[in-house]
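Student: Okay, so here is target.cif, and as you'll see once you scroll down, it has mmCIF, C-alpha atoms.
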data_query
#
loop_
_atom_site.group_PDB
_atom_site.id
_atom_site.type_symbol
_atom_site.label_atom_id
_atom_site.label_comp_id
_atom_site.auth_asym_id
_atom_site.auth_seq_id
_atom_site.Cartn_x
_atom_site.Cartn_y
_atom_site.Cartn_z
ATOM 1 C CA MET A 14 41.939 -47.502 16.443
ATOM 2 C CA LYS A 15 44.092 -46.735 13.407
ATOM 3 C CA LYS A 16 41.010 -46.462 11.183
ATOM 4 C CA LEU A 17 39.321 -44.218 13.759
ATOM 5 C CA MET A 18 42.349 -41.917 13.816
ATOM 6 C CA GLN A 19 42.389 -41.824 10.005
ATOM 7 C CA TRP A 20 38.671 -40.957 9.961
ATOM 8 C CA GLY A 21 39.207 -38.197 12.524
ATOM 9 C CA ALA A 22 42.082 -36.739 10.517
ATOM 10 C CA ALA A 23 39.975 -36.798 7.351
ATOM 11 C CA LEU A 24 37.089 -35.061 9.144
ATOM 12 C CA ALA A 25 39.403 -32.367 10.501
ATOM 13 C CA LEU A 26 40.809 -31.784 7.017
ATOM 14 C CA ALA A 27 37.292 -31.519 5.554
ATOM 15 C CA VAL A 28 36.267 -28.974 8.213
ATOM 16 C CA ALA A 29 39.427 -26.956 7.597
ATOM 17 C CA CYS A 30 38.834 -26.988 3.839
ATOM 18 C CA GLY A 31 35.203 -25.993 4.335
ATOM 19 C CA GLY A 32 36.272 -23.091 6.538
ATOM 20 C CA ALA A 33 38.838 -22.002 3.977
ATOM 21 C CA GLN A 34 36.232 -22.135 1.201
ATOM 22 C CA ALA A 35 33.809 -20.090 3.294
ATOM 23 C CA GLY A 36 36.550 -17.545 3.942
ATOM 24 C CA ASP A 37 37.359 -17.374 0.246
ATOM 25 C CA ALA A 38 33.677 -16.827 -0.582
ATOM 26 C CA ILE A 39 33.466 -13.961 1.900
ATOM 27 C CA ALA A 40 36.678 -12.405 0.575
ATOM 28 C CA ALA A 41 35.323 -12.560 -2.987
ATOM 29 C CA TYR A 42 31.836 -11.256 -2.068
ATOM 30 C CA PRO A 43 29.852 -10.227 -4.037
ATOM 31 C CA GLN A 44 30.263 -12.397 -7.109
ATOM 32 C CA ARG A 45 26.747 -11.870 -8.445
ATOM 33 C CA PRO A 46 23.855 -9.364 -8.087
ATOM 34 C CA VAL A 47 22.659 -8.552 -4.579
ATOM 35 C CA ARG A 48 18.934 -8.190 -3.882
ATOM 36 C CA LEU A 49 17.965 -5.429 -1.439
ATOM 37 C CA ILE A 50 14.320 -5.778 -0.391
ATOM 38 C CA VAL A 51 12.261 -2.821 0.826
ATOM 39 C CA PRO A 52 9.104 -4.087 2.596
ATOM 40 C CA TYR A 53 7.147 -0.943 1.660
ATOM 41 C CA GLY A 54 6.213 0.944 -1.486
ATOM 42 C CA ALA A 55 8.445 3.405 -3.287
ATOM 43 C CA GLY A 56 9.025 6.869 -1.851
ATOM 44 C CA GLY A 57 9.371 6.220 1.890
ATOM 45 C CA ALA A 58 12.556 6.863 3.864
ATOM 46 C CA ALA A 59 13.628 3.198 3.807
ATOM 47 C CA ASP A 60 13.113 3.090 0.032
ATOM 48 C CA VAL A 61 14.923 6.366 -0.654
ATOM 49 C CA LEU A 62 17.847 5.309 1.533
ATOM 50 C CA ALA A 63 18.007 1.919 -0.153
ATOM 51 C CA ARG A 64 18.051 3.359 -3.682
ATOM 52 C CA ILE A 65 20.674 6.014 -2.984
ATOM 53 C CA MET A 66 22.863 3.471 -1.194
ATOM 54 C CA ALA A 67 22.322 0.731 -3.800
ATOM 55 C CA GLU A 68 23.514 2.966 -6.609
ATOM 56 C CA LYS A 69 26.793 3.663 -4.823
ATOM 57 C CA LEU A 70 27.249 0.066 -3.632
ATOM 58 C CA SER A 71 26.860 -1.169 -7.211
ATOM 59 C CA ALA A 72 29.796 1.018 -8.181
ATOM 60 C CA ILE A 73 31.897 -0.057 -5.186
ATOM 61 C CA TRP A 74 31.200 -3.773 -5.515
ATOM 62 C CA LYS A 75 31.068 -3.801 -9.322
ATOM 63 C CA GLN A 76 27.947 -5.933 -9.070
ATOM 64 C CA PRO A 77 24.322 -4.779 -9.407
ATOM 65 C CA VAL A 78 22.487 -4.076 -6.149
ATOM 66 C CA ILE A 79 18.843 -4.421 -7.103
ATOM 67 C CA VAL A 80 16.198 -2.707 -4.943
ATOM 68 C CA GLU A 81 12.985 -4.720 -4.847
ATOM 69 C CA ASN A 82 9.835 -3.259 -3.260
ATOM 70 C CA LYS A 83 7.640 -5.869 -1.561
ATOM 71 C CA PRO A 84 4.900 -3.918 0.263
ATOM 72 C CA GLY A 85 2.079 -5.460 2.250
ATOM 73 C CA GLY A 86 1.118 -6.556 5.731
ATOM 74 C CA VAL A 87 2.867 -3.645 7.456
ATOM 75 C CA GLY A 88 6.238 -4.940 6.278
ATOM 76 C CA THR A 89 5.410 -8.621 6.691
ATOM 77 C CA ILE A 90 5.705 -9.698 3.039
ATOM 78 C CA GLY A 91 9.112 -8.141 2.434
ATOM 79 C CA ILE A 92 10.570 -9.264 5.747
ATOM 80 C CA MET A 93 9.329 -12.836 5.225
ATOM 81 C CA ALA A 94 11.004 -12.901 1.809
ATOM 82 C CA THR A 95 14.274 -12.093 3.569
ATOM 83 C CA VAL A 96 13.759 -14.515 6.452
ATOM 84 C CA GLN A 97 13.186 -17.354 3.975
ATOM 85 C CA ALA A 98 16.222 -16.517 1.809
ATOM 86 C CA GLU A 99 19.592 -18.253 1.965
ATOM 87 C CA PRO A 100 21.903 -16.637 4.571
ATOM 88 C CA ASP A 101 24.583 -15.969 1.965
ATOM 89 C CA GLY A 102 24.540 -12.171 1.802
ATOM 90 C CA TYR A 103 22.766 -12.011 -1.541
ATOM 91 C CA THR A 104 19.349 -11.157 -0.070
ATOM 92 C CA LEU A 105 19.175 -8.212 2.334
ATOM 93 C CA VAL A 106 16.354 -6.024 3.583
ATOM 94 C CA SER A 107 16.181 -2.281 4.289
ATOM 95 C CA VAL A 108 13.834 -1.752 7.248
ATOM 96 C CA PRO A 109 12.827 1.203 9.437
ATOM 97 C CA VAL A 110 13.170 1.045 13.210
ATOM 98 C CA SER A 111 9.394 0.604 13.513
ATOM 99 C CA ASP A 112 9.673 -2.920 12.062
ATOM 100 C CA LEU A 113 12.504 -3.842 14.392
ATOM 101 C CA ALA A 114 11.581 -2.174 17.671
ATOM 102 C CA VAL A 115 7.909 -1.087 17.644
ATOM 103 C CA ASN A 116 5.812 -3.503 15.593
ATOM 104 C CA PRO A 117 7.022 -6.612 17.454
ATOM 105 C CA HIS A 118 5.221 -5.229 20.516
ATOM 106 C CA LEU A 119 2.036 -4.472 18.587
ATOM 107 C CA TYR A 120 1.475 -7.478 16.338
ATOM 108 C CA ARG A 121 1.011 -10.862 18.016
ATOM 109 C CA LYS A 122 0.619 -13.168 15.031
ATOM 110 C CA ARG A 123 3.453 -12.302 12.705
ATOM 111 C CA PRO A 124 5.018 -15.348 11.014
ATOM 112 C CA PHE A 125 8.504 -14.342 12.148
ATOM 113 C CA ASP A 126 10.394 -13.043 15.158
ATOM 114 C CA VAL A 127 12.729 -10.219 14.140
ATOM 115 C CA ARG A 128 15.011 -10.883 17.096
ATOM 116 C CA LYS A 129 15.534 -14.499 16.019
ATOM 117 C CA ASP A 130 14.994 -14.498 12.258
ATOM 118 C CA LEU A 131 17.034 -11.458 11.193
ATOM 119 C CA ALA A 132 20.715 -10.660 11.727
ATOM 120 C CA PRO A 133 22.037 -7.082 11.985
ATOM 121 C CA VAL A 134 24.290 -5.683 9.272
ATOM 122 C CA SER A 135 24.414 -1.890 9.533
ATOM 123 C CA GLN A 136 22.412 1.208 10.271
ATOM 124 C CA VAL A 137 22.021 3.188 7.078
ATOM 125 C CA GLY A 138 20.375 6.512 7.768
ATOM 126 C CA ALA A 139 18.111 8.442 10.076
ATOM 127 C CA VAL A 140 15.195 10.808 9.850
ATOM 128 C CA PRO A 141 14.720 13.283 12.720
ATOM 129 C CA ASN A 142 11.212 13.762 14.063
ATOM 130 C CA VAL A 143 10.072 17.271 14.929
ATOM 131 C CA LEU A 144 7.249 18.770 16.968
ATOM 132 C CA LEU A 145 5.087 21.101 14.908
ATOM 133 C CA VAL A 146 1.938 23.065 15.598
ATOM 134 C CA SER A 147 -0.793 24.697 13.595
ATOM 135 C CA ASN A 148 -0.425 28.414 13.004
ATOM 136 C CA ALA A 149 -4.018 28.733 14.194
ATOM 137 C CA LEU A 150 -2.926 27.640 17.677
ATOM 138 C CA GLU A 151 -0.823 30.803 18.016
ATOM 139 C CA VAL A 152 1.878 29.412 20.307
ATOM 140 C CA GLY A 153 5.474 30.408 19.766
ATOM 141 C CA ASP A 154 7.406 27.810 21.738
ATOM 142 C CA VAL A 155 7.170 24.497 23.570
ATOM 143 C CA GLN A 156 6.566 26.042 26.979
ATOM 144 C CA ALA A 157 3.600 28.010 25.642
ATOM 145 C CA LEU A 158 2.240 24.827 24.080
ATOM 146 C CA VAL A 159 2.554 22.927 27.369
ATOM 147 C CA ALA A 160 0.871 25.779 29.254
ATOM 148 C CA ARG A 161 -2.021 25.861 26.762
ATOM 149 C CA ALA A 162 -2.514 22.100 26.976
ATOM 150 C CA ALA A 163 -2.322 22.129 30.790
ATOM 151 C CA ALA A 164 -4.953 24.861 30.991
ATOM 152 C CA LYS A 165 -7.445 22.785 28.963
ATOM 153 C CA PRO A 166 -6.912 19.061 29.623
ATOM 154 C CA GLY A 167 -8.076 16.893 26.727
ATOM 155 C CA TYR A 168 -8.796 19.898 24.525
ATOM 156 C CA LEU A 169 -5.740 20.057 22.267
ATOM 157 C CA THR A 170 -5.553 17.507 19.467
ATOM 158 C CA TYR A 171 -2.635 15.769 17.787
ATOM 159 C CA SER A 172 -2.586 13.699 14.631
ATOM 160 C CA SER A 173 -0.580 10.660 13.583
ATOM 161 C CA PRO A 174 -0.526 8.212 10.649
ATOM 162 C CA GLY A 175 -2.068 5.536 12.876
ATOM 163 C CA VAL A 176 -2.245 3.842 16.257
ATOM 164 C CA GLY A 177 1.158 2.515 17.269
ATOM 165 C CA SER A 178 3.072 4.676 14.797
ATOM 166 C CA GLN A 179 6.210 6.399 16.011
ATOM 167 C CA ALA A 180 4.362 9.734 15.777
ATOM 168 C CA HIS A 181 1.654 8.377 18.067
ATOM 169 C CA ILE A 182 4.138 7.005 20.598
ATOM 170 C CA ALA A 183 6.219 10.198 20.579
ATOM 171 C CA ALA A 184 3.156 12.390 21.259
ATOM 172 C CA GLU A 185 1.974 10.141 24.084
ATOM 173 C CA MET A 186 5.426 10.083 25.671
ATOM 174 C CA PHE A 187 5.489 13.896 25.409
ATOM 175 C CA ALA A 188 2.072 14.124 27.071
ATOM 176 C CA MET A 189 2.870 11.641 29.840
ATOM 177 C CA ARG A 190 6.170 13.274 30.763
ATOM 178 C CA ALA A 191 4.607 16.745 30.791
ATOM 179 C CA GLY A 192 1.545 15.562 32.724
ATOM 180 C CA LEU A 193 -0.797 16.522 29.883
ATOM 181 C CA SER A 194 -3.989 15.082 28.451
ATOM 182 C CA LEU A 195 -4.108 15.326 24.647
ATOM 183 C CA GLN A 196 -6.666 13.993 22.177
ATOM 184 C CA HIS A 197 -5.312 11.602 19.540
ATOM 185 C CA ILE A 198 -6.777 11.807 16.028
ATOM 186 C CA PRO A 199 -5.319 8.954 13.928
ATOM 187 C CA TYR A 200 -5.158 9.206 10.132
ATOM 188 C CA ASN A 201 -4.242 6.639 7.503
ATOM 189 C CA SER A 202 -1.170 8.478 6.192
ATOM 190 C CA VAL A 203 1.408 11.118 7.118
ATOM 191 C CA PRO A 204 0.350 13.574 4.353
ATOM 192 C CA ALA A 205 -3.277 13.488 5.497
ATOM 193 C CA ALA A 206 -2.278 14.026 9.128
ATOM 194 C CA LEU A 207 0.027 16.925 8.210
ATOM 195 C CA THR A 208 -2.499 18.563 5.909
ATOM 196 C CA ASP A 209 -5.047 18.933 8.697
ATOM 197 C CA VAL A 210 -2.432 20.426 11.036
ATOM 198 C CA ALA A 211 -1.602 22.945 8.309
ATOM 199 C CA GLY A 212 -5.312 23.609 7.812
ATOM 200 C CA GLY A 213 -5.917 24.267 11.503
ATOM 201 C CA GLN A 214 -8.225 21.292 12.077
ATOM 202 C CA ILE A 215 -5.540 19.637 14.267
ATOM 203 C CA ASP A 216 -3.382 21.450 16.807
ATOM 204 C CA MET A 217 -0.068 19.586 16.764
ATOM 205 C CA MET A 218 1.892 16.576 15.554
ATOM 206 C CA PHE A 219 5.228 14.797 15.697
ATOM 207 C CA ALA A 220 6.412 14.036 12.164
ATOM 208 C CA GLN A 221 9.497 13.109 10.186
ATOM 209 C CA LEU A 222 11.425 16.110 8.910
ATOM 210 C CA PRO A 223 11.357 15.246 5.171
ATOM 211 C CA ALA A 224 7.558 15.179 5.193
ATOM 212 C CA VAL A 225 7.387 18.443 7.163
ATOM 213 C CA LEU A 226 9.875 20.514 5.158
ATOM 214 C CA PRO A 227 7.461 21.565 2.350
ATOM 215 C CA PHE A 228 4.948 22.768 4.954
ATOM 216 C CA VAL A 229 7.670 24.658 6.853
ATOM 217 C CA LYS A 230 9.051 26.333 3.729
ATOM 218 C CA SER A 231 5.583 27.490 2.743
ATOM 219 C CA GLY A 232 4.919 28.819 6.252
ATOM 220 C CA ARG A 233 1.862 26.593 6.729
ATOM 221 C CA VAL A 234 3.033 25.153 10.071
ATOM 222 C CA LYS A 235 5.417 26.148 12.851
ATOM 223 C CA VAL A 236 8.153 23.770 14.009
ATOM 224 C CA LEU A 237 8.983 24.136 17.699
ATOM 225 C CA ALA A 238 11.705 21.570 18.401
ATOM 226 C CA VAL A 239 13.411 18.404 17.260
ATOM 227 C CA ALA A 240 12.536 15.274 19.240
ATOM 228 C CA ALA A 241 16.102 14.132 19.799
ATOM 229 C CA ASP A 242 18.951 14.354 22.291
ATOM 230 C CA GLU A 243 20.993 16.429 19.835
ATOM 231 C CA ARG A 244 20.172 18.993 17.175
ATOM 232 C CA THR A 245 19.925 17.839 13.594
ATOM 233 C CA PRO A 246 22.555 19.113 11.142
ATOM 234 C CA LEU A 247 19.745 19.507 8.616
ATOM 235 C CA LEU A 248 18.204 22.316 10.742
ATOM 236 C CA PRO A 249 21.024 23.338 13.099
ATOM 237 C CA ASP A 250 19.114 26.330 14.487
ATOM 238 C CA LEU A 251 16.181 24.191 15.615
ATOM 239 C CA PRO A 252 16.533 23.403 19.355
ATOM 240 C CA THR A 253 15.835 20.048 20.965
ATOM 241 C CA LEU A 254 12.875 19.578 23.294
ATOM 242 C CA GLY A 255 15.237 19.511 26.275
ATOM 243 C CA GLU A 256 16.925 22.762 25.276
ATOM 244 C CA VAL A 257 13.658 24.705 25.358
ATOM 245 C CA GLY A 258 12.461 23.317 28.669
ATOM 246 C CA GLY A 259 10.125 20.754 27.180
ATOM 247 C CA PRO A 260 9.667 17.167 28.349
ATOM 248 C CA SER A 261 12.501 15.197 26.778
ATOM 249 C CA ILE A 262 11.292 11.955 25.194
ATOM 250 C CA GLY A 263 14.739 10.742 24.200
ATOM 251 C CA ASP A 264 15.794 10.109 20.633
ATOM 252 C CA ALA A 265 12.580 9.773 18.594
ATOM 253 C CA ILE A 266 14.766 9.197 15.569
ATOM 254 C CA SER A 267 13.383 7.128 12.708
ATOM 255 C CA TRP A 268 16.448 5.201 11.617
ATOM 256 C CA SER A 269 16.668 2.541 8.949
ATOM 257 C CA ALA A 270 18.948 -0.464 8.821
ATOM 258 C CA VAL A 271 20.078 -3.237 6.515
ATOM 259 C CA MET A 272 19.386 -6.712 7.904
ATOM 260 C CA ALA A 273 20.250 -10.194 6.670
ATOM 261 C CA PRO A 274 18.620 -13.590 7.213
ATOM 262 C CA ALA A 275 19.536 -15.238 10.509
ATOM 263 C CA GLY A 276 22.552 -17.463 10.096
ATOM 264 C CA THR A 277 24.435 -15.097 7.822
ATOM 265 C CA PRO A 278 28.068 -15.304 9.043
ATOM 266 C CA LEU A 279 29.276 -12.356 11.094
ATOM 267 C CA ALA A 280 32.391 -11.960 8.927
ATOM 268 C CA LEU A 281 30.193 -11.610 5.849
ATOM 269 C CA ARG A 282 27.891 -9.121 7.582
ATOM 270 C CA GLU A 283 30.936 -7.107 8.629
ATOM 271 C CA LYS A 284 32.158 -6.999 5.030
ATOM 272 C CA ILE A 285 28.736 -5.837 3.796
ATOM 273 C CA ALA A 286 28.663 -3.210 6.565
ATOM 274 C CA ALA A 287 32.079 -1.932 5.464
ATOM 275 C CA GLY A 288 30.741 -1.490 1.932
ATOM 276 C CA ILE A 289 27.699 0.357 3.251
ATOM 277 C CA ALA A 290 29.901 2.642 5.374
ATOM 278 C CA SER A 291 32.044 3.429 2.326
ATOM 279 C CA ALA A 292 28.937 4.271 0.317
ATOM 280 C CA ILE A 293 27.395 6.424 3.068
ATOM 281 C CA GLN A 294 30.636 8.367 3.581
ATOM 282 C CA SER A 295 30.711 9.353 -0.071
ATOM 283 C CA PRO A 296 30.148 13.127 -0.448
ATOM 284 C CA GLN A 297 27.758 12.502 -3.343
ATOM 285 C CA VAL A 298 25.646 10.139 -1.258
ATOM 286 C CA ARG A 299 25.589 12.483 1.741
ATOM 287 C CA GLU A 300 24.510 15.336 -0.516
ATOM 288 C CA LYS A 301 21.683 13.257 -1.981
ATOM 289 C CA LEU A 302 20.549 12.166 1.471
ATOM 290 C CA ALA A 303 20.583 15.711 2.849
ATOM 291 C CA ALA A 304 18.460 16.885 -0.087
ATOM 292 C CA GLN A 305 15.842 14.357 1.042
ATOM 293 C CA GLY A 306 16.050 15.379 4.709
ATOM 294 C CA LEU A 307 18.016 12.251 5.633
ATOM 295 C CA ILE A 308 21.209 11.723 7.635
ATOM 296 C CA GLY A 309 23.666 8.965 6.671
ATOM 297 C CA LEU A 310 24.816 6.688 9.481
ATOM 298 C CA GLY A 311 26.677 3.463 8.700
ATOM 299 C CA GLY A 312 28.327 1.324 11.383
ATOM 300 C CA THR A 313 29.084 -2.267 12.320
ATOM 301 C CA PRO A 314 26.689 -5.156 13.007
ATOM 302 C CA GLN A 315 27.598 -4.856 16.680
ATOM 303 C CA GLN A 316 26.691 -1.154 16.783
ATOM 304 C CA LEU A 317 23.374 -1.856 15.079
ATOM 305 C CA GLU A 318 22.664 -4.652 17.545
ATOM 306 C CA GLN A 319 23.182 -2.251 20.447
ATOM 307 C CA ALA A 320 20.961 0.479 18.970
ATOM 308 C CA TRP A 321 18.324 -2.116 18.098
ATOM 309 C CA ARG A 322 18.278 -3.605 21.582
ATOM 310 C CA GLN A 323 17.987 -0.188 23.242
ATOM 311 C CA ASP A 324 15.076 0.928 21.075
ATOM 312 C CA TYR A 325 13.377 -2.473 21.299
ATOM 313 C CA GLU A 326 13.314 -2.161 25.082
ATOM 314 C CA ARG A 327 12.447 1.557 25.079
ATOM 315 C CA TYR A 328 9.527 1.286 22.679
ATOM 316 C CA GLY A 329 8.343 -1.901 24.323
ATOM 317 C CA ALA A 330 8.090 -0.067 27.641
ATOM 318 C CA ALA A 331 6.284 2.834 25.951
ATOM 319 C CA VAL A 332 3.727 0.559 24.270
ATOM 320 C CA LYS A 333 3.084 -1.171 27.592
ATOM 321 C CA ALA A 334 2.705 2.139 29.448
ATOM 322 C CA MET A 335 0.293 3.404 26.789
ATOM 323 C CA ASN A 336 -1.714 0.181 27.041
ATOM 324 C CA ILE A 337 -2.112 0.018 23.271
ATOM 325 C CA GLN A 338 -4.348 -2.840 22.149
ATOM 326 C CA LEU A 339 -2.115 -5.375 20.455
ATOM 327 C CA LEU A 340 -3.178 -5.955 16.879
ATOM 328 C CA ASP A 341 -3.537 -9.319 15.144
#
Will you turn the file into structure tokens for me?
Tutor:
Amino acid sequence: MKKLMQWGAALALAVACGGAQAGDAIAAYPQRPVRLIVPYGAGGAADVLARIMAEKLSAIWKQPVIVENKPGGVGTIGIMATVQAEPDGYTLVSVPVSDLAVNPHLYRKRPFDVRKDLAPVSQVGAVPNVLLVSNALEVGDVQALVARAAAKPGYLTYSSPGVGSQAHIAAEMFAMRAGLSLQHIPYNSVPAALTDVAGGQIDMMFAQLPAVLPFVKSGRVKVLAVAADERTPLLPDLPTLGEVGGPSIGDAISWSAVMAPAGTPLALREKIAAGIASAIQSPQVREKLAAQGLIGLGGTPQQLEQAWRQDYERYGAAVKAMNIQLLD
């Protein structure tokens, strides 16, 4: 019995020491370079957000934050690299909401489950989606667009960068809630889809604001509303769909988040999130984001978890209602 008690005391001491060491490691984080993976090529919203944030985080943490692009497989390669990394906070991934809340409902054979294999750290930034129309359509507001589409079911066309994209889902939700029949013309990229709206070959589209801004400034398309519950500070005079009597589709906001491998301690994720919030709140960072048509967010792992869960359920219901063929 005495030996058993001695063994138990030794085990308790070892656990306490291990906990203290883990706490010390979190307090001292980061002690070496941090790798921030972007599962897409350079230039997208997730990449731009990651690079602007990484520059500021490097200054705050006094350790390099290295952005590493790993495109391929609609995000699969970069996300897998994160899933397989040690859950120690030194490998993170910057992902758009599509990877977290849309693609899981579309792709059946991915080698990971985002809900089980990734842990939330913090939202980073958001990109508002807007409804735009071709000038050739000659409609001045959302109500006129709805009336035109209702008068000719199946006649008006809308473009998107592909089946299952947020632009596709937003347009279908718009059509379903307004009782309209629209014709979907999928493209292989946002620029190609936008170019044909500007050229008059396509009637309308939902698209992210940064991609649309050059077309708006040149007068090649007309923006009717922002697909969100609130106006965007980037275009404060642009009304929401609900404000102009259109069918509200909720927040079709393309947000990005930083995630960690599953098993990363909550206390460590909270510390990383605090660093991200400090970076995002920097006036220099906010100015750089606004110049790219982006809005800085920040927040805790718990807040990200809530936003993630809501959009996961919302987009899952939309994909099911649209009866989109699940892709392998």
Student: Could you tell me which residues the PyMOL selection byres ((chain A and resi 284) around 10) returns for this structure, as a ChimeraX atom specification?
Tutor: /A:39-40,42-43,102,134,279-283,285-290,313-314
Student: Please evaluate the PyMOL selection byres ((chain A and resi 295) around 12) against the displayed coordinates and give the resulting residues as a PDB file with C-alpha atoms, in the frame of the given file.
Tutor:
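This went into out26.pdb:
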ATOM      1  CA  ILE A  65      20.674   6.014  -2.984  1.00  0.00           C
ATOM      2  CA  MET A  66      22.863   3.471  -1.194  1.00  0.00           C
ATOM      3  CA  GLU A  68      23.514   2.966  -6.609  1.00  0.00           C
ATOM      4  CA  LYS A  69      26.793   3.663  -4.823  1.00  0.00           C
ATOM      5  CA  LEU A  70      27.249   0.066  -3.632  1.00  0.00           C
ATOM      6  CA  ALA A  72      29.796   1.018  -8.181  1.00  0.00           C
ATOM      7  CA  ILE A  73      31.897  -0.057  -5.186  1.00  0.00           C
ATOM      8  CA  GLY A 288      30.741  -1.490   1.932  1.00  0.00           C
ATOM      9  CA  ILE A 289      27.699   0.357   3.251  1.00  0.00           C
ATOM     10  CA  ALA A 290      29.901   2.642   5.374  1.00  0.00           C
ATOM     11  CA  SER A 291      32.044   3.429   2.326  1.00  0.00           C
ATOM     12  CA  ALA A 292      28.937   4.271   0.317  1.00  0.00           C
ATOM     13  CA  ILE A 293      27.395   6.424   3.068  1.00  0.00           C
ATOM     14  CA  GLN A 294      30.636   8.367   3.581  1.00  0.00           C
ATOM     15  CA  PRO A 296      30.148  13.127  -0.448  1.00  0.00           C
ATOM     16  CA  GLN A 297      27.758  12.502  -3.343  1.00  0.00           C
ATOM     17  CA  VAL A 298      25.646  10.139  -1.258  1.00  0.00           C
ATOM     18  CA  ARG A 299      25.589  12.483   1.741  1.00  0.00           C
ATOM     19  CA  GLU A 300      24.510  15.336  -0.516  1.00  0.00           C
ATOM     20  CA  LYS A 301      21.683  13.257  -1.981  1.00  0.00           C
ATOM     21  CA  LEU A 302      20.549  12.166   1.471  1.00  0.00           C
ATOM     22  CA  GLY A 309      23.666   8.965   6.671  1.00  0.00           C
ATOM     23  CA  LEU A 310      24.816   6.688   9.481  1.00  0.00           C
ATOM     24  CA  GLY A 311      26.677   3.463   8.700  1.00  0.00           C
TER      25      GLY A 311
END
Student: Could you expand the PyMOL selection byres ((chain A and resi 159) around 12) into the explicit residues it covers here, written as a PyMOL selection string?
Tutor: chain A and resi 146+152-158+160-166+169+187-195+217+237+254+257-260
Student: Might you pull out every residue within 6 Å of stretch 200-213 of chain A, with all atoms listed in the file counted and same-chain residues fewer than 5 positions away left off, and present them as a list in words?
Tutor: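 Listing them by chain and then by number gives Ser147, Ala149, Ser172, Ser173, Pro174, Gly175, Arg233 and Val234 of chain A.
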Student: Which polymer residues, whether protein, DNA or RNA, lie within 7 Å of the coordinate (4.9, 19.7, 14.3) when you count all atoms listed in the file? List them as a PyMOL selection string, using the chain letters and numbers from the file.
Tutor: chain A and resi 143-146+217-220+235-237
Student: Using all atoms of stretch 76-93 of chain A that appear in the file, construct an axis-aligned enclosing box with 3 Å of padding on every side and provide its centre coordinates and edge lengths in Å, rounded to one decimal, as lines of an AutoDock Vina configuration file.
Tutor:
center_x = 14.5
center_y = -7.8
center_z = -1.0
size_x = 32.8
size_y = 16.1
size_z = 22.9
Student: Please indicate the distance in Å from atom CA of A:His118 to atom CA of A:Ala241, rounded to one decimal place.
Tutor: 22.2 Å
Student: Can you work out which one of A:Leu150, A:Val115, A:Ala240, A:Met272 has the shortest atom-to-atom distance to A:Pro100, counting all atoms listed in the file?
Tutor: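 Going through A:Leu150, A:Val115, A:Ala240, A:Met272 one by one, the smallest distance to A:Pro100 is for A:Met272.
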Student: Which distance in Å separates atom CA of A:Gly255 and atom CA of A:Asn116, to one decimal?
Tutor: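 Atom-to-atom, atom CA of A:Gly255 to atom CA of A:Asn116, that is 27.1 Å.
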Student: Please tell me which residues are no farther than 12 Å from (17.0, 2.5, -2.8) in the file, counting only C-alpha atoms, and write them as an NGL selection string.
Tutor: :A and (48-71 or 78-82 or 106-108 or 137-138 or 269 or 271 or 298 or 301-302)
Student: May I ask for the distance between atom CA of A:Phe228 and atom CA of A:Pro141, given in Å to one decimal place?
Tutor: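 Atom CA of A:Pro141 lies 15.7 Å from atom CA of A:Phe228.
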Student: Between A:Leu248, A:Gly276, A:Arg322, A:Lys333, which residue has the minimum interatomic distance to A:Leu226, considering all atoms listed in the file?
Tutor: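 Counting all atoms listed in the file, the residue closest to A:Leu226 is A:Leu248.
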